[in-house]
>>> print(open('start-v7.pdb').read())   # PDB, C-alpha atoms, pLDDT in the B column
ATOM      1  CA  MET A   1      -4.042   8.016  -9.121  1.00 88.00           C
ATOM      2  CA  GLU A   2      -1.158   6.898 -11.304  1.00 86.00           C
ATOM      3  CA  GLN A   3      -1.828   4.123 -13.825  1.00 89.00           C
ATOM      4  CA  ARG A   4       0.699   1.493 -14.899  1.00 86.00           C
ATOM      5  CA  TYR A   5       0.140  -1.009 -17.677  1.00 88.00           C
ATOM      6  CA  ALA A   6       0.967  -4.699 -17.653  1.00 88.00           C
ATOM      7  CA  THR A   7       4.170  -6.042 -19.178  1.00 85.00           C
ATOM      8  CA  SER A   8       5.316  -9.431 -20.480  1.00 84.00           C
ATOM      9  CA  PRO A   9       8.313 -11.414 -19.158  1.00 82.00           C
ATOM     10  CA  GLU A  10       9.653 -11.307 -22.713  1.00 84.00           C
ATOM     11  CA  GLN A  11      10.098  -7.547 -22.376  1.00 87.00           C
ATOM     12  CA  ILE A  12      12.388  -7.722 -19.340  1.00 85.00           C
ATOM     13  CA  PRO A  13      15.705  -8.522 -21.159  1.00 85.00           C
ATOM     14  CA  GLY A  14      15.285  -5.384 -23.257  1.00 88.00           C
ATOM     15  CA  MET A  15      14.830  -3.038 -20.294  1.00 88.00           C
ATOM     16  CA  ASP A  16      17.681  -1.132 -18.710  1.00 89.00           C
ATOM     17  CA  THR A  17      17.751  -0.197 -15.029  1.00 88.00           C
ATOM     18  CA  ALA A  18      15.938   3.096 -15.572  1.00 90.00           C
ATOM     19  CA  GLU A  19      13.105   1.379 -17.450  1.00 90.00           C
ATOM     20  CA  LEU A  20      12.741  -1.355 -14.816  1.00 89.00           C
ATOM     21  CA  ARG A  21      12.521   1.270 -12.087  1.00 89.00           C
ATOM     22  CA  ARG A  22       9.970   3.307 -14.034  1.00 91.00           C
ATOM     23  CA  ARG A  23       7.690   0.333 -14.541  1.00 89.00           C
ATOM     24  CA  TYR A  24       8.052  -1.569 -11.278  1.00 88.00           C
ATOM     25  CA  LEU A  25       9.320   0.739  -8.522  1.00 87.00           C
ATOM     26  CA  VAL A  26       6.904   2.992  -6.632  1.00 90.00           C
ATOM     27  CA  GLU A  27       8.626   5.892  -4.914  1.00 89.00           C
ATOM     28  CA  ASP A  28       7.313   8.679  -2.670  1.00 89.00           C
ATOM     29  CA  LEU A  29       4.338   6.588  -1.573  1.00 93.00           C
ATOM     30  CA  PHE A  30       3.957   8.394   1.764  1.00 95.00           C
ATOM     31  CA  VAL A  31       3.261  12.125   1.598  1.00 96.00           C
ATOM     32  CA  ALA A  32       1.865  14.148   4.501  1.00 97.00           C
ATOM     33  CA  ASP A  33      -1.959  14.382   4.525  1.00 97.00           C
ATOM     34  CA  GLU A  34      -2.365  12.730   1.112  1.00 96.00           C
ATOM     35  CA  VAL A  35      -3.503   9.468  -0.420  1.00 96.00           C
ATOM     36  CA  ARG A  36      -0.903   8.447  -2.990  1.00 95.00           C
ATOM     37  CA  ALA A  37      -2.254   5.615  -5.150  1.00 94.00           C
ATOM     38  CA  VAL A  38      -1.021   3.515  -8.069  1.00 94.00           C
ATOM     39  CA  TYR A  39      -3.319   1.361 -10.210  1.00 92.00           C
ATOM     40  CA  THR A  40      -1.565  -1.488 -11.999  1.00 90.00           C
ATOM     41  CA  HIS A  41      -3.161  -3.535 -14.754  1.00 88.00           C
ATOM     42  CA  HIS A  42      -1.394  -6.572 -13.285  1.00 88.00           C
ATOM     43  CA  ASP A  43      -4.431  -8.158 -11.567  1.00 86.00           C
ATOM     44  CA  ARG A  44      -6.040  -4.671 -11.331  1.00 92.00           C
ATOM     45  CA  VAL A  45      -4.291  -4.117  -8.017  1.00 93.00           C
ATOM     46  CA  VAL A  46      -4.236  -0.721  -6.315  1.00 95.00           C
ATOM     47  CA  LEU A  47      -1.338   0.232  -4.038  1.00 95.00           C
ATOM     48  CA  ALA A  48      -1.694   3.274  -1.807  1.00 96.00           C
ATOM     49  CA  GLY A  49       0.142   5.096   0.951  1.00 97.00           C
ATOM     50  CA  ILE A  50      -1.674   7.280   3.502  1.00 97.00           C
ATOM     51  CA  GLN A  51       0.198   9.423   6.024  1.00 98.00           C
ATOM     52  CA  PRO A  52      -2.078  11.608   8.192  1.00 98.00           C
ATOM     53  CA  VAL A  53      -0.156  14.403   9.913  1.00 97.00           C
ATOM     54  CA  THR A  54      -2.335  17.445  10.622  1.00 96.00           C
ATOM     55  CA  GLY A  55      -5.706  15.692  10.615  1.00 96.00           C
ATOM     56  CA  THR A  56      -7.879  12.917   9.271  1.00 97.00           C
ATOM     57  CA  VAL A  57      -7.389  11.720   5.693  1.00 97.00           C
ATOM     58  CA  VAL A  58     -10.397  10.259   3.891  1.00 96.00           C
ATOM     59  CA  LEU A  59      -9.977   7.530   1.281  1.00 96.00           C
ATOM     60  CA  PRO A  60     -11.616   8.869  -1.896  1.00 92.00           C
ATOM     61  CA  GLY A  61     -13.189   7.081  -4.795  1.00 88.00           C
ATOM     62  CA  PHE A  62     -11.070   7.249  -7.933  1.00 88.00           C
ATOM     63  CA  PRO A  63     -12.445   7.647 -11.479  1.00 83.00           C
ATOM     64  CA  GLU A  64      -9.967   4.994 -12.671  1.00 86.00           C
ATOM     65  CA  ILE A  65     -11.721   2.211 -10.724  1.00 85.00           C
ATOM     66  CA  ARG A  66     -15.218   3.203 -11.927  1.00 86.00           C
ATOM     67  CA  SER A  67     -16.902   3.022  -8.515  1.00 85.00           C
ATOM     68  CA  ASP A  68     -18.862   5.471  -6.376  1.00 86.00           C
ATOM     69  CA  HIS A  69     -16.675   4.586  -3.381  1.00 91.00           C
ATOM     70  CA  PHE A  70     -13.385   2.734  -3.160  1.00 95.00           C
ATOM     71  CA  PHE A  71     -14.664  -0.511  -1.652  1.00 96.00           C
ATOM     72  CA  GLU A  72     -17.784  -0.821  -3.789  1.00 94.00           C
ATOM     73  CA  HIS A  73     -16.197  -3.677  -5.748  1.00 94.00           C
ATOM     74  CA  ARG A  74     -12.897  -4.079  -3.870  1.00 95.00           C
ATOM     75  CA  GLU A  75     -11.250  -5.355  -0.704  1.00 97.00           C
ATOM     76  CA  ALA A  76      -7.926  -4.363   0.867  1.00 97.00           C
ATOM     77  CA  GLY A  77      -5.331  -5.235   3.432  1.00 97.00           C
ATOM     78  CA  ILE A  78      -3.822  -2.268   5.273  1.00 98.00           C
ATOM     79  CA  VAL A  79      -0.615  -2.472   7.339  1.00 97.00           C
ATOM     80  CA  ASN A  80       0.644   0.403   9.457  1.00 97.00           C
ATOM     81  CA  VAL A  81       4.415   0.850   9.119  1.00 96.00           C
ATOM     82  CA  GLY A  82       4.623   4.110  11.080  1.00 96.00           C
ATOM     83  CA  GLY A  83       3.435   5.494  14.414  1.00 96.00           C
ATOM     84  CA  ALA A  84       0.194   4.522  16.108  1.00 96.00           C
ATOM     85  CA  GLY A  85      -2.977   5.344  14.219  1.00 97.00           C
ATOM     86  CA  THR A  86      -6.666   4.717  13.721  1.00 98.00           C
ATOM     87  CA  ILE A  87      -8.647   3.520  10.713  1.00 98.00           C
ATOM     88  CA  THR A  88     -12.353   4.329  10.861  1.00 98.00           C
ATOM     89  CA  VAL A  89     -14.573   2.085   8.738  1.00 98.00           C
ATOM     90  CA  ASP A  90     -18.236   3.134   8.507  1.00 97.00           C
ATOM     91  CA  GLY A  91     -18.138   4.717  11.949  1.00 96.00           C
ATOM     92  CA  THR A  92     -16.158   1.985  13.729  1.00 97.00           C
ATOM     93  CA  ASP A  93     -12.680   2.930  14.966  1.00 97.00           C
ATOM     94  CA  HIS A  94      -9.879   0.384  14.678  1.00 98.00           C
ATOM     95  CA  LYS A  95      -6.654   1.131  16.560  1.00 97.00           C
ATOM     96  CA  VAL A  96      -3.777   0.021  14.324  1.00 97.00           C
ATOM     97  CA  GLY A  97      -0.332   0.034  15.875  1.00 95.00           C
ATOM     98  CA  LYS A  98       2.936  -0.323  14.024  1.00 95.00           C
ATOM     99  CA  GLY A  99       3.092  -3.658  12.222  1.00 94.00           C
ATOM    100  CA  ALA A 100      -0.610  -4.369  12.733  1.00 95.00           C
ATOM    101  CA  CYS A 101      -3.027  -5.077   9.889  1.00 97.00           C
ATOM    102  CA  LEU A 102      -6.648  -4.303   9.096  1.00 98.00           C
ATOM    103  CA  TYR A 103      -8.593  -6.190   6.432  1.00 98.00           C
ATOM    104  CA  VAL A 104     -11.418  -4.131   4.913  1.00 98.00           C
ATOM    105  CA  GLY A 105     -14.018  -6.099   2.974  1.00 97.00           C
ATOM    106  CA  ARG A 106     -16.097  -5.282  -0.061  1.00 96.00           C
ATOM    107  CA  GLY A 107     -18.983  -2.927   0.644  1.00 96.00           C
ATOM    108  CA  ALA A 108     -17.334  -0.576   3.143  1.00 96.00           C
ATOM    109  CA  GLN A 109     -18.235   3.000   2.250  1.00 95.00           C
ATOM    110  CA  ASP A 110     -16.621   5.561   4.548  1.00 96.00           C
ATOM    111  CA  VAL A 111     -12.962   4.896   5.386  1.00 97.00           C
ATOM    112  CA  ALA A 112     -10.732   7.462   7.106  1.00 98.00           C
ATOM    113  CA  PHE A 113      -7.223   7.453   8.542  1.00 98.00           C
ATOM    114  CA  ALA A 114      -5.728   9.348  11.495  1.00 98.00           C
ATOM    115  CA  SER A 115      -2.484   9.408  13.480  1.00 97.00           C
ATOM    116  CA  ALA A 116      -2.316   9.330  17.252  1.00 95.00           C
ATOM    117  CA  ASP A 117       0.551  11.840  17.107  1.00 95.00           C
ATOM    118  CA  GLY A 118       1.265  14.040  14.110  1.00 94.00           C
ATOM    119  CA  GLY A 119       4.904  14.266  15.226  1.00 95.00           C
ATOM    120  CA  ASP A 120       5.190  10.495  14.763  1.00 96.00           C
ATOM    121  CA  PRO A 121       2.573   9.899  12.069  1.00 97.00           C
ATOM    122  CA  ALA A 122       1.101   6.585  11.071  1.00 97.00           C
ATOM    123  CA  ARG A 123       1.963   5.298   7.621  1.00 97.00           C
ATOM    124  CA  PHE A 124      -0.758   3.100   6.230  1.00 98.00           C
ATOM    125  CA  TYR A 125       0.172   0.821   3.332  1.00 97.00           C
ATOM    126  CA  LEU A 126      -2.890  -0.338   1.400  1.00 97.00           C
ATOM    127  CA  PHE A 127      -2.998  -3.271  -1.022  1.00 97.00           C
ATOM    128  CA  SER A 128      -6.324  -3.713  -2.817  1.00 97.00           C
ATOM    129  CA  ALA A 129      -7.762  -6.115  -5.386  1.00 95.00           C
ATOM    130  CA  PRO A 130     -11.208  -6.580  -6.951  1.00 95.00           C
ATOM    131  CA  ALA A 131     -13.528  -8.767  -4.863  1.00 95.00           C
ATOM    132  CA  HIS A 132     -16.604 -10.785  -5.816  1.00 94.00           C
ATOM    133  CA  THR A 133     -17.398 -11.801  -2.215  1.00 94.00           C
ATOM    134  CA  ALA A 134     -17.757  -9.681   0.912  1.00 95.00           C
ATOM    135  CA  TYR A 135     -15.907 -10.659   4.096  1.00 96.00           C
ATOM    136  CA  PRO A 136     -16.066  -8.746   7.399  1.00 96.00           C
ATOM    137  CA  THR A 137     -13.585  -6.055   8.301  1.00 96.00           C
ATOM    138  CA  THR A 138     -11.075  -7.748  10.623  1.00 96.00           C
ATOM    139  CA  PRO A 139      -8.045  -6.457  12.579  1.00 96.00           C
ATOM    140  CA  VAL A 140      -4.865  -8.420  13.326  1.00 95.00           C
ATOM    141  CA  GLU A 141      -2.400  -7.301  15.999  1.00 94.00           C
ATOM    142  CA  ALA A 142       1.284  -6.932  15.166  1.00 91.00           C
ATOM    143  CA  GLY A 143       2.996 -10.298  15.408  1.00 88.00           C
ATOM    144  CA  GLY A 144      -0.321 -12.138  15.100  1.00 89.00           C
ATOM    145  CA  GLY A 145      -1.736 -14.305  12.344  1.00 88.00           C
ATOM    146  CA  THR A 146      -0.070 -17.526  11.277  1.00 88.00           C
ATOM    147  CA  VAL A 147       3.599 -17.364  12.294  1.00 87.00           C
ATOM    148  CA  ARG A 148       6.172 -19.234  10.205  1.00 90.00           C
ATOM    149  CA  GLU A 149       9.904 -19.455  10.869  1.00 87.00           C
ATOM    150  CA  LEU A 150      11.769 -19.772   7.569  1.00 87.00           C
ATOM    151  CA  GLY A 151      15.303 -19.998   6.218  1.00 86.00           C
ATOM    152  CA  ASP A 152      18.596 -20.615   7.958  1.00 86.00           C
ATOM    153  CA  GLY A 153      21.386 -18.493   9.367  1.00 87.00           C
ATOM    154  CA  VAL A 154      23.887 -20.477   7.300  1.00 86.00           C
ATOM    155  CA  THR A 155      22.327 -19.104   4.107  1.00 83.00           C
ATOM    156  CA  SER A 156      21.684 -15.626   5.591  1.00 86.00           C
ATOM    157  CA  ASN A 157      17.908 -15.867   5.120  1.00 86.00           C
ATOM    158  CA  ARG A 158      16.523 -16.623   8.577  1.00 89.00           C
ATOM    159  CA  ARG A 159      13.204 -14.784   8.846  1.00 91.00           C
ATOM    160  CA  THR A 160       9.842 -14.725  10.613  1.00 87.00           C
ATOM    161  CA  LEU A 161       6.744 -14.487   8.426  1.00 87.00           C
ATOM    162  CA  ASN A 162       3.480 -13.313   9.962  1.00 86.00           C
ATOM    163  CA  GLN A 163       0.694 -14.309   7.571  1.00 90.00           C
ATOM    164  CA  TYR A 164      -2.194 -11.940   8.314  1.00 94.00           C
ATOM    165  CA  ILE A 165      -4.599 -12.299   5.399  1.00 94.00           C
ATOM    166  CA  HIS A 166      -4.286 -15.896   4.300  1.00 91.00           C
ATOM    167  CA  GLU A 167      -6.227 -19.128   3.839  1.00 86.00           C
ATOM    168  CA  ASN A 168      -5.432 -20.036   7.458  1.00 85.00           C
ATOM    169  CA  GLY A 169      -5.970 -16.517   8.796  1.00 89.00           C
ATOM    170  CA  VAL A 170      -8.248 -13.601   7.969  1.00 94.00           C
ATOM    171  CA  ARG A 171     -10.604 -14.575   5.168  1.00 93.00           C
ATOM    172  CA  SER A 172     -10.506 -12.633   1.910  1.00 95.00           C
ATOM    173  CA  CYS A 173     -11.526 -12.961  -1.704  1.00 93.00           C
ATOM    174  CA  GLN A 174      -8.173 -12.365  -3.432  1.00 92.00           C
ATOM    175  CA  VAL A 175      -5.822 -10.414  -1.178  1.00 94.00           C
ATOM    176  CA  VAL A 176      -3.004 -12.266   0.601  1.00 92.00           C
ATOM    177  CA  MET A 177      -0.889 -10.154   2.950  1.00 93.00           C
ATOM    178  CA  GLY A 178       1.732 -10.509   5.667  1.00 92.00           C
ATOM    179  CA  VAL A 179       4.826  -9.007   7.241  1.00 90.00           C
ATOM    180  CA  THR A 180       8.282 -10.605   7.092  1.00 87.00           C
ATOM    181  CA  THR A 181      11.025  -9.707   9.577  1.00 86.00           C
ATOM    182  CA  LEU A 182      14.609 -10.694   8.870  1.00 85.00           C
ATOM    183  CA  HIS A 183      16.634 -12.008  11.799  1.00 87.00           C
ATOM    184  CA  GLU A 184      19.854 -10.253  12.752  1.00 87.00           C
ATOM    185  CA  GLY A 185      22.639 -11.147  10.357  1.00 84.00           C
ATOM    186  CA  SER A 186      20.312 -12.260   7.565  1.00 84.00           C
ATOM    187  CA  MET A 187      19.926 -10.366   4.313  1.00 84.00           C
ATOM    188  CA  TRP A 188      17.944 -12.510   1.837  1.00 81.00           C
ATOM    189  CA  ASN A 189      14.161 -12.516   1.957  1.00 77.00           C
ATOM    190  CA  THR A 190      12.838 -14.811  -0.772  1.00 71.00           C
ATOM    191  CA  MET A 191      15.800 -17.106  -1.320  1.00 65.00           C
ATOM    192  CA  PRO A 192      15.881 -19.558  -2.954  1.00 66.00           C
ATOM    193  CA  ALA A 193      14.633 -17.542  -5.900  1.00 66.00           C
ATOM    194  CA  HIS A 194      11.171 -18.575  -7.075  1.00 64.00           C
ATOM    195  CA  THR A 195       8.294 -17.379  -9.234  1.00 66.00           C
ATOM    196  CA  HIS A 196       4.568 -16.843  -8.717  1.00 66.00           C
ATOM    197  CA  ASP A 197       2.698 -17.518 -11.936  1.00 70.00           C
ATOM    198  CA  ARG A 198      -0.799 -17.305 -10.440  1.00 70.00           C
ATOM    199  CA  ARG A 199      -0.747 -13.685  -9.303  1.00 76.00           C
ATOM    200  CA  MET A 200       1.335 -10.573  -8.967  1.00 83.00           C
ATOM    201  CA  GLU A 201       3.175  -9.601  -5.779  1.00 85.00           C
ATOM    202  CA  ALA A 202       4.101  -6.230  -4.301  1.00 88.00           C
ATOM    203  CA  TYR A 203       6.751  -5.660  -1.627  1.00 87.00           C
ATOM    204  CA  LEU A 204       7.021  -2.691   0.708  1.00 90.00           C
ATOM    205  CA  TYR A 205      10.317  -2.353   2.596  1.00 89.00           C
ATOM    206  CA  PHE A 206      10.406  -0.296   5.782  1.00 88.00           C
ATOM    207  CA  ASP A 207      12.688   0.418   8.755  1.00 88.00           C
ATOM    208  CA  LEU A 208      15.777  -0.097   6.617  1.00 85.00           C
ATOM    209  CA  PRO A 209      19.152   1.234   7.812  1.00 85.00           C
ATOM    210  CA  ALA A 210      20.349   4.267   5.874  1.00 87.00           C
ATOM    211  CA  ASP A 211      23.149   2.289   4.247  1.00 87.00           C
ATOM    212  CA  ALA A 212      20.970  -0.707   3.256  1.00 84.00           C
ATOM    213  CA  ARG A 213      20.184  -1.548  -0.363  1.00 85.00           C
ATOM    214  CA  ILE A 214      17.414  -3.640  -1.925  1.00 84.00           C
ATOM    215  CA  VAL A 215      18.126  -5.969  -4.850  1.00 82.00           C
ATOM    216  CA  HIS A 216      15.374  -7.510  -6.992  1.00 79.00           C
ATOM    217  CA  LEU A 217      16.269  -9.974  -9.731  1.00 75.00           C
ATOM    218  CA  MET A 218      13.887  -9.592 -12.663  1.00 75.00           C
ATOM    219  CA  GLY A 219      13.083 -11.920 -15.540  1.00 72.00           C
ATOM    220  CA  GLU A 220      12.394 -15.552 -16.279  1.00 72.00           C
ATOM    221  CA  ARG A 221      14.368 -18.517 -15.030  1.00 68.00           C
ATOM    222  CA  PRO A 222      17.634 -19.116 -16.911  1.00 66.00           C
ATOM    223  CA  ARG A 223      17.394 -21.353 -19.939  1.00 57.00           C
ATOM    224  CA  PRO A 224      19.146 -24.760 -19.780  1.00 55.00           C
ATOM    225  CA  ALA A 225      22.871 -24.747 -20.598  1.00 52.00           C
ATOM    226  CA  THR A 226      23.641 -25.308 -24.277  1.00 53.00           C
ATOM    227  CA  SER A 227      26.778 -26.830 -25.806  1.00 52.00           C
ATOM    228  CA  TRP A 228      28.272 -25.103 -28.815  1.00 55.00           C
ATOM    229  CA  TRP A 229      30.988 -26.302 -31.147  1.00 55.00           C
ATOM    230  CA  ARG A 230      32.857 -24.947 -34.146  1.00 51.00           C
ATOM    231  CA  THR A 231      34.981 -26.289 -36.907  1.00 50.00           C
ATOM    232  CA  GLY A 232      38.018 -24.945 -38.713  1.00 47.00           C
ATOM    233  CA  ARG A 233      41.360 -23.672 -37.665  1.00 48.00           C
ATOM    234  CA  ARG A 234      41.950 -21.366 -34.758  1.00 43.00           C
TER     235      ARG A 234
END
>>> encode(input="start-v7.pdb", output="structure tokens")
Amino acid sequence: MEQRYATSPEQIPGMDTAELRRRYLVEDLFVADEVRAVYTHHDRVVLAGIQPVTGTVVLPGFPEIRSDHFFEHREAGIVNVGGAGTITVDGTDHKVGKGACLYVGRGAQDVAFASADGGDPARFYLFSAPAHTAYPTTPVEAGGGTVRELGDGVTSNRRTLNQYIHENGVRSCQVVMGVTTLHEGSMWNTMPAHTHDRRMEAYLYFDLPADARIVHLMGERPRPATSWWRTGRR
């Protein structure tokens, strides 16, 4: 498990592109038959990618989270962004197709991942936060949850948001999770630009065309415009 430490907004102006990528971009999250995990001190969130190819992959406990098993003090939302797969939670199998979500509550002990076809493996994206309350493990089919149509074609940000783990959907302690699909011809996801001061956010982009690029604008809102004047000859 990789560890990343928290940063302050005041540090952002002093970072170049390489430093921003090192601190905030997670690459190579999906590796065959491995659990690749990152622990960030922003809200003590754990991000993980699991891609079973030749067999079942078991979610281990990590020394960094100081627990006998992963969900001893945690919960997680898991979205499959690959081929069809199965998540087994304490002996119960949950079929998770592409775009579907499984919420796993605090207290689950044995969690394993498998692909229906190793030639088209599942890719499970896991987002986990500490939990002080236990809620039941709950699946959501792809395209389910609370559906919101957002944006406008005029501003190139027409999109459909499926809120899976949310106050009006699957109950959780801290995790909020969903899948956003851009409509054809749209390119902006979270416009107009906005901030979230209450908690951190993590974005996973998938099914992008080979020539597509992702742009994230980092830092605080611009300061108000200031008038300057000078005296003397020019």
>>> resolve_selection(input="start-v7.pdb", expression="the PyMOL selection byres ((chain A and resi 84) around 12)", output="ChimeraX atom specification")
/A:51-53,79-83,85-87,94-101,113-124,142
>>> residues_near_point(input="start-v7.pdb", point="(3.6, 8.0, -3.1)", cutoff="6 Å", atoms="all atoms listed in the file", output="number ranges by chain")
A: 27-30, 36
>>> resolve_selection(input="start-v7.pdb", expression="the PyMOL selection byres ((chain A and resi 48) around 9)", output="PyMOL selection string")
chain A and resi 29-30+35-39+46-47+49-50+124-128
>>> atom_distance(input="start-v7.pdb", atom1="CA of Glu2 in chain A", atom2="CA of Gly219 in chain A")
24.0 Å
>>> resolve_selection(input="start-v7.pdb", expression="the PyMOL selection byres ((chain A and resi 7-16) around 10)", output="VMD selection string")
chain A and resid 4 to 6 17 to 21 23 to 24 41 to 42 218 to 220
>>> atom_distance(input="start-v7.pdb", atom1="CA of Val179 in chain A", atom2="CA of Gly105 in chain A")
19.5 Å
>>> closest_residue(input="start-v7.pdb", among="A:Val154, A:Ile78, A:Leu25, A:Val31", to="His216 in chain A", atoms="all atoms listed in the file")
A:Leu25
>>> residues_around(input="start-v7.pdb", residues="range 59-65 of chain A", least_positions_apart="3", cutoff="6 Å", atoms="only C-alpha atoms", output="tab-separated table (two decimals) with C-alpha atoms, in the frame of the given file")
chain	number	residue	atom	x	y	z
A	69	HIS	CA	-16.68	4.59	-3.38
A	70	PHE	CA	-13.38	2.73	-3.16
A	111	VAL	CA	-12.96	4.90	5.39
A	112	ALA	CA	-10.73	7.46	7.11
>>> decode(input="start-v7.pdb", residues="range 128-201 of chain A", atoms="C-alpha atoms", output="PDB file, in the first residue's frame")
ATOM      1  CA  SER A 128     -13.034   3.336   1.235  1.00  0.00           C
ATOM      2  CA  ALA A 129     -13.338   5.594   4.277  1.00  0.00           C
ATOM      3  CA  PRO A 130     -13.402   4.985   8.040  1.00  0.00           C
ATOM      4  CA  ALA A 131     -16.873   4.150   9.373  1.00  0.00           C
ATOM      5  CA  HIS A 132     -18.361   4.446  12.857  1.00  0.00           C
ATOM      6  CA  THR A 133     -21.671   2.793  11.889  1.00  0.00           C
ATOM      7  CA  ALA A 134     -22.348  -0.492  10.114  1.00  0.00           C
ATOM      8  CA  TYR A 135     -24.752  -0.597   7.159  1.00  0.00           C
ATOM      9  CA  PRO A 136     -25.647  -3.735   5.172  1.00  0.00           C
ATOM     10  CA  THR A 137     -23.784  -4.760   2.060  1.00  0.00           C
ATOM     11  CA  THR A 138     -25.966  -3.586  -0.843  1.00  0.00           C
ATOM     12  CA  PRO A 139     -25.675  -3.955  -4.644  1.00  0.00           C
ATOM     13  CA  VAL A 140     -26.841  -1.411  -7.232  1.00  0.00           C
ATOM     14  CA  GLU A 141     -27.279  -2.338 -10.896  1.00  0.00           C
ATOM     15  CA  ALA A 142     -25.623  -0.258 -13.604  1.00  0.00           C
ATOM     16  CA  GLY A 143     -27.776   2.749 -14.406  1.00  0.00           C
ATOM     17  CA  GLY A 144     -29.624   2.456 -11.093  1.00  0.00           C
ATOM     18  CA  GLY A 145     -29.634   4.668  -8.026  1.00  0.00           C
ATOM     19  CA  THR A 146     -30.817   8.255  -8.150  1.00  0.00           C
ATOM     20  CA  VAL A 147     -30.550   9.475 -11.751  1.00  0.00           C
ATOM     21  CA  ARG A 148     -29.889  13.166 -12.399  1.00  0.00           C
ATOM     22  CA  GLU A 149     -29.642  14.865 -15.786  1.00  0.00           C
ATOM     23  CA  LEU A 150     -27.232  17.800 -15.567  1.00  0.00           C
ATOM     24  CA  GLY A 151     -25.684  20.481 -17.753  1.00  0.00           C
ATOM     25  CA  ASP A 152     -26.537  21.644 -21.242  1.00  0.00           C
ATOM     26  CA  GLY A 153     -25.347  20.888 -24.747  1.00  0.00           C
ATOM     27  CA  VAL A 154     -24.797  24.607 -25.321  1.00  0.00           C
ATOM     28  CA  THR A 155     -22.042  24.600 -22.690  1.00  0.00           C
ATOM     29  CA  SER A 156     -20.723  21.138 -23.685  1.00  0.00           C
ATOM     30  CA  ASN A 157     -21.436  19.624 -20.259  1.00  0.00           C
ATOM     31  CA  ARG A 158     -24.600  17.571 -20.720  1.00  0.00           C
ATOM     32  CA  ARG A 159     -24.234  14.496 -18.511  1.00  0.00           C
ATOM     33  CA  THR A 160     -26.141  11.791 -16.645  1.00  0.00           C
ATOM     34  CA  LEU A 161     -25.211  11.222 -13.005  1.00  0.00           C
ATOM     35  CA  ASN A 162     -26.151   7.942 -11.345  1.00  0.00           C
ATOM     36  CA  GLN A 163     -25.887   8.471  -7.587  1.00  0.00           C
ATOM     37  CA  TYR A 164     -25.366   5.005  -6.096  1.00  0.00           C
ATOM     38  CA  ILE A 165     -24.214   5.582  -2.526  1.00  0.00           C
ATOM     39  CA  HIS A 166     -25.951   8.748  -1.428  1.00  0.00           C
ATOM     40  CA  GLU A 167     -28.368  10.175   1.129  1.00  0.00           C
ATOM     41  CA  ASN A 168     -31.253   9.251  -1.189  1.00  0.00           C
ATOM     42  CA  GLY A 169     -29.783   5.894  -2.205  1.00  0.00           C
ATOM     43  CA  VAL A 170     -27.685   3.215  -0.534  1.00  0.00           C
ATOM     44  CA  ARG A 171     -27.033   4.168   3.073  1.00  0.00           C
ATOM     45  CA  SER A 172     -23.457   4.660   4.239  1.00  0.00           C
ATOM     46  CA  CYS A 173     -21.499   6.298   7.013  1.00  0.00           C
ATOM     47  CA  GLN A 174     -19.160   8.536   4.990  1.00  0.00           C
ATOM     48  CA  VAL A 175     -18.755   7.217   1.452  1.00  0.00           C
ATOM     49  CA  VAL A 176     -20.616   8.946  -1.390  1.00  0.00           C
ATOM     50  CA  MET A 177     -20.215   7.348  -4.816  1.00  0.00           C
ATOM     51  CA  GLY A 178     -21.689   7.468  -8.307  1.00  0.00           C
ATOM     52  CA  VAL A 179     -20.978   7.195 -12.012  1.00  0.00           C
ATOM     53  CA  THR A 180     -21.224  10.114 -14.449  1.00  0.00           C
ATOM     54  CA  THR A 181     -21.630   9.579 -18.198  1.00  0.00           C
ATOM     55  CA  LEU A 182     -21.040  12.452 -20.589  1.00  0.00           C
ATOM     56  CA  HIS A 183     -23.469  12.799 -23.484  1.00  0.00           C
ATOM     57  CA  GLU A 184     -22.136  12.753 -27.030  1.00  0.00           C
ATOM     58  CA  GLY A 185     -20.531  16.060 -27.912  1.00  0.00           C
ATOM     59  CA  SER A 186     -19.977  17.117 -24.302  1.00  0.00           C
ATOM     60  CA  MET A 187     -16.548  17.391 -22.728  1.00  0.00           C
ATOM     61  CA  TRP A 188     -16.856  19.147 -19.341  1.00  0.00           C
ATOM     62  CA  ASN A 189     -17.801  17.155 -16.265  1.00  0.00           C
ATOM     63  CA  THR A 190     -17.896  19.485 -13.261  1.00  0.00           C
ATOM     64  CA  MET A 191     -18.479  22.833 -14.929  1.00  0.00           C
ATOM     65  CA  PRO A 192     -19.099  25.399 -13.617  1.00  0.00           C
ATOM     66  CA  ALA A 193     -15.985  24.987 -11.513  1.00  0.00           C
ATOM     67  CA  HIS A 194     -16.715  24.542  -7.811  1.00  0.00           C
ATOM     68  CA  THR A 195     -15.077  23.427  -4.579  1.00  0.00           C
ATOM     69  CA  HIS A 196     -15.891  20.886  -1.874  1.00  0.00           C
ATOM     70  CA  ASP A 197     -14.638  22.111   1.480  1.00  0.00           C
ATOM     71  CA  ARG A 198     -16.283  19.380   3.564  1.00  0.00           C
ATOM     72  CA  ARG A 199     -14.474  16.364   2.139  1.00  0.00           C
ATOM     73  CA  MET A 200     -12.025  15.156  -0.445  1.00  0.00           C
ATOM     74  CA  GLU A 201     -13.055  13.733  -3.822  1.00  0.00           C
TER      75      GLU A 201
END
